[in-house]
Amino acid sequence: MTTVLTDEQSMLQDSVLRFVENEYSFEARRKLAASDDGFSRAHWKQFAELGWLAMPIPEDHGGLGGGAVETAVLMEVFGRGLVLEPFFATVVLGAGLVADAGSNEQQAEILPAVAGGEMMLALAHGEPTSRFDLNAVATTAAKQGKGYALNGHKAVAWHAGAANRLIVSARTAGKERDEKGITLFLVDPKAKGVTIRDYATNDGQRAGEVILEGVEVGAGNMLGEAGGAYPAIAAAVDRAMIALGAEACGAMAVLVEQTQEYLRTRQQFGVPLSKFQVLQHRLVEMFNEQAMSRAVVYRASATLTDSNEPTRTRAAAAAKAQIGKSGRFVGQQAVQLHGGMGMTDELPVGHYFKRLSMIDVAFGNAEYHRRRFAKM
């Protein structure tokens, strides 16, 4: 399958490519990853000026009204540079949930601020024992006066340490693994009772453990209806998996290119490694895996506007399963074909493989989604 972009999508792709080439050298990224924030706020401001933060936000709220394909185009190029800024956490997950479930007042307050680069969001949904089950929510929200008191522990909340607002899932009814009874709340990360333990993940990104101890939130901070958040969360995760899949395609493309270049320049027995047929075959297999993944991801992105929920969910699961399988293969082959150098921290190859590995386990690994796809 050949993905044909519109003129506007090609212009977006070109602008992001220029940014990555100019601003995201391997050494520049390593310095950003080691900084206090783990990313550049100057870059974030530039994202806003270029309209990237506004791209998928509805036009009624200061956005450009772009769709899932535009998001995939942007995320794919971000994958080429292993971009660290919290576009995924803030725009794909956070703003997507606000646009889907928020009231008009909440959308008017938050979405223009996100588009302008003035607000960062983080979804605090996963928990230490939830693994890949979106319905596994033990955090509670008990009625207290005119609002609620939140208590619980959220794990791996991407960029929670930099967020101006947390989107927290909590149970207002039902048992721990019921789909019904889950409610979303907008929470100030500086509110009394909120503790965020920020840390660097294995791939150089940032995440946080969010501890909630009697955190008081008003009823006006509820995002959507009480007890009915699960469908919005599931739809947001479907979008997120496809966006991460596009990022993985960009990372795999770089691994194929860097491995090809290494085989051309590295010599054994007086000839380039690229002359050995068995290595040529491996490189072709890497290319095929990346191309197949890209086709599946862009096909899945076209289903996100489909009103048929099973179609959307099935496509997202297929994309995630394909990305996990291909990312592991391409990453392993790239490391092996680079020999001992592939294992060193000084070479970009290992960093791309780490990112692909983290993308695989986000929201369920390849094996989980193969089983999920088979059940649909």
# chains A, B, ... in the order shown; residues from 1 in each chain; ligands from 1
call {"tool": "select_by_dssp", "arguments": {"residues": "segment 261-360 of chain A", "states": "helix (DSSP H, G or I)", "output": "number ranges by chain"}}
result
A: 261-265, 273-275, 277-301, 309-337, 339-343, 348-360
call {"tool": "residues_around", "arguments": {"residues": "segment 7-19 of chain A", "least_positions_apart": "2", "cutoff": "8 Å", "atoms": "only C-alpha atoms", "output": "list of chain:residue names"}}
result
A:Leu5, A:Glu21, A:Asn22, A:Glu23, A:Tyr24, A:Glu70, A:Val73, A:Leu74, A:Val77, A:Phe78
call {"tool": "closest_residue", "arguments": {"among": "A:Gly339, A:Lys180, A:Thr201, A:Thr3", "to": "Met292 of chain A", "atoms": "only C-alpha atoms"}}
result
A:Thr3
call {"tool": "residues_around", "arguments": {"residues": "Pro310 of chain A", "least_positions_apart": "5", "cutoff": "10 Å", "atoms": "only C-alpha atoms", "output": "list in words"}}
result
Ala315, Ala316 and Met376 of chain A
call {"tool": "write_last_selection", "arguments": {"atoms": "N, CA and C atoms", "output": "JSON list (two decimals), in the first residue's frame"}}
result
[["chain", "number", "residue", "atom", "x", "y", "z"],
["A", 315, "ALA", "N", -8.94, -1.99, 13.99],
["A", 315, "ALA", "CA", -7.83, -1.42, 13.21],
["A", 315, "ALA", "C", -6.70, -0.98, 14.13],
["A", 316, "ALA", "N", -7.04, -0.38, 15.28],
["A", 316, "ALA", "CA", -6.01, 0.06, 16.22],
["A", 316, "ALA", "C", -5.25, -1.12, 16.80],
["A", 376, "MET", "N", -12.07, -10.28, 18.35],
["A", 376, "MET", "CA", -13.07, -9.35, 17.80],
["A", 376, "MET", "C", -13.81, -9.97, 16.63]]
call {"tool": "residues_around", "arguments": {"residues": "segment 92-96 of chain A", "least_positions_apart": "2", "cutoff": "7 Å", "atoms": "only C-alpha atoms", "output": "list of chain:residue names"}}
result
A:Phe87, A:Phe88, A:Ala89, A:Thr90, A:Val98, A:Ala99, A:Asp100, A:Leu111, A:Leu121, A:Ala122, A:Leu123, A:Ala236, A:Ala240
call {"tool": "write_last_selection", "arguments": {"atoms": "N, CA and C atoms", "output": "compact mmCIF listing (two decimals), in the first residue's frame"}}
result
# COMPACT_ATOMS: atom_id res chain seq x y z
N PHE A 87 4.27 16.33 23.01
CA PHE A 87 3.15 16.46 22.07
C PHE A 87 2.17 15.30 22.25
N PHE A 88 2.70 14.10 22.38
CA PHE A 88 1.82 12.94 22.54
C PHE A 88 0.97 13.05 23.80
N ALA A 89 1.61 13.36 24.93
CA ALA A 89 0.89 13.42 26.20
C ALA A 89 -0.13 14.56 26.23
N THR A 90 0.26 15.72 25.72
CA THR A 90 -0.59 16.90 25.82
C THR A 90 -1.64 16.96 24.74
N VAL A 98 -10.22 16.00 26.24
CA VAL A 98 -10.99 17.21 26.52
C VAL A 98 -11.95 17.50 25.37
N ALA A 99 -11.48 17.35 24.14
CA ALA A 99 -12.34 17.59 22.98
C ALA A 99 -13.50 16.60 22.92
N ASP A 100 -13.26 15.36 23.35
CA ASP A 100 -14.30 14.32 23.31
C ASP A 100 -15.28 14.43 24.46
N LEU A 111 -8.51 24.01 25.51
CA LEU A 111 -8.02 23.74 24.16
C LEU A 111 -7.28 24.92 23.53
N LEU A 121 -0.78 19.01 29.33
CA LEU A 121 -1.69 18.07 29.99
C LEU A 121 -1.00 16.71 30.15
N ALA A 122 -1.47 15.95 31.13
CA ALA A 122 -0.98 14.58 31.31
C ALA A 122 -2.14 13.72 31.76
N LEU A 123 -2.27 12.55 31.14
CA LEU A 123 -3.30 11.59 31.52
C LEU A 123 -2.74 10.66 32.59
N ALA A 236 -9.68 7.35 23.11
CA ALA A 236 -8.42 8.10 23.20
C ALA A 236 -7.22 7.17 23.07
N ALA A 240 -4.26 7.04 20.41
CA ALA A 240 -2.89 7.08 20.92
C ALA A 240 -2.05 5.96 20.33
call {"tool": "atom_distance", "arguments": {"atom1": "atom CA of Val349 of chain A", "atom2": "atom CA of Ile323 of chain A"}}
result
17.6 Å
call {"tool": "closest_residue", "arguments": {"among": "A:Arg299, A:His159, A:His61, A:His281", "to": "Phe39 of chain A", "atoms": "only C-alpha atoms"}}
result
A:His159
call {"tool": "closest_residue", "arguments": {"among": "A:Met358, A:Val168, A:Ala68, A:Ala243", "to": "Thr305 of chain A", "atoms": "only C-alpha atoms"}}
result
A:Ala68
call {"tool": "closest_residue", "arguments": {"among": "A:Arg239, A:Glu179, A:His153, A:Ala234", "to": "Gly214 of chain A", "atoms": "only C-alpha atoms"}}
result
A:His153
call {"tool": "residues_around", "arguments": {"residues": "Val330 of chain A", "least_positions_apart": "2", "cutoff": "8 Å", "atoms": "only C-alpha atoms", "output": "PyMOL selection string"}}
result
chain A and resi 252+255-256+286+289-290+326-328+332-334
call {"tool": "atom_distance", "arguments": {"atom1": "atom CA of Lys354 of chain A", "atom2": "atom CA of Asp203 of chain A"}}
result
5.1 Å
call {"tool": "residues_around", "arguments": {"residues": "Asn365 of chain A", "least_positions_apart": "6", "cutoff": "8 Å", "atoms": "only C-alpha atoms", "output": "list in words"}}
result
Lys320, Ala321 and Gly324 of chain A
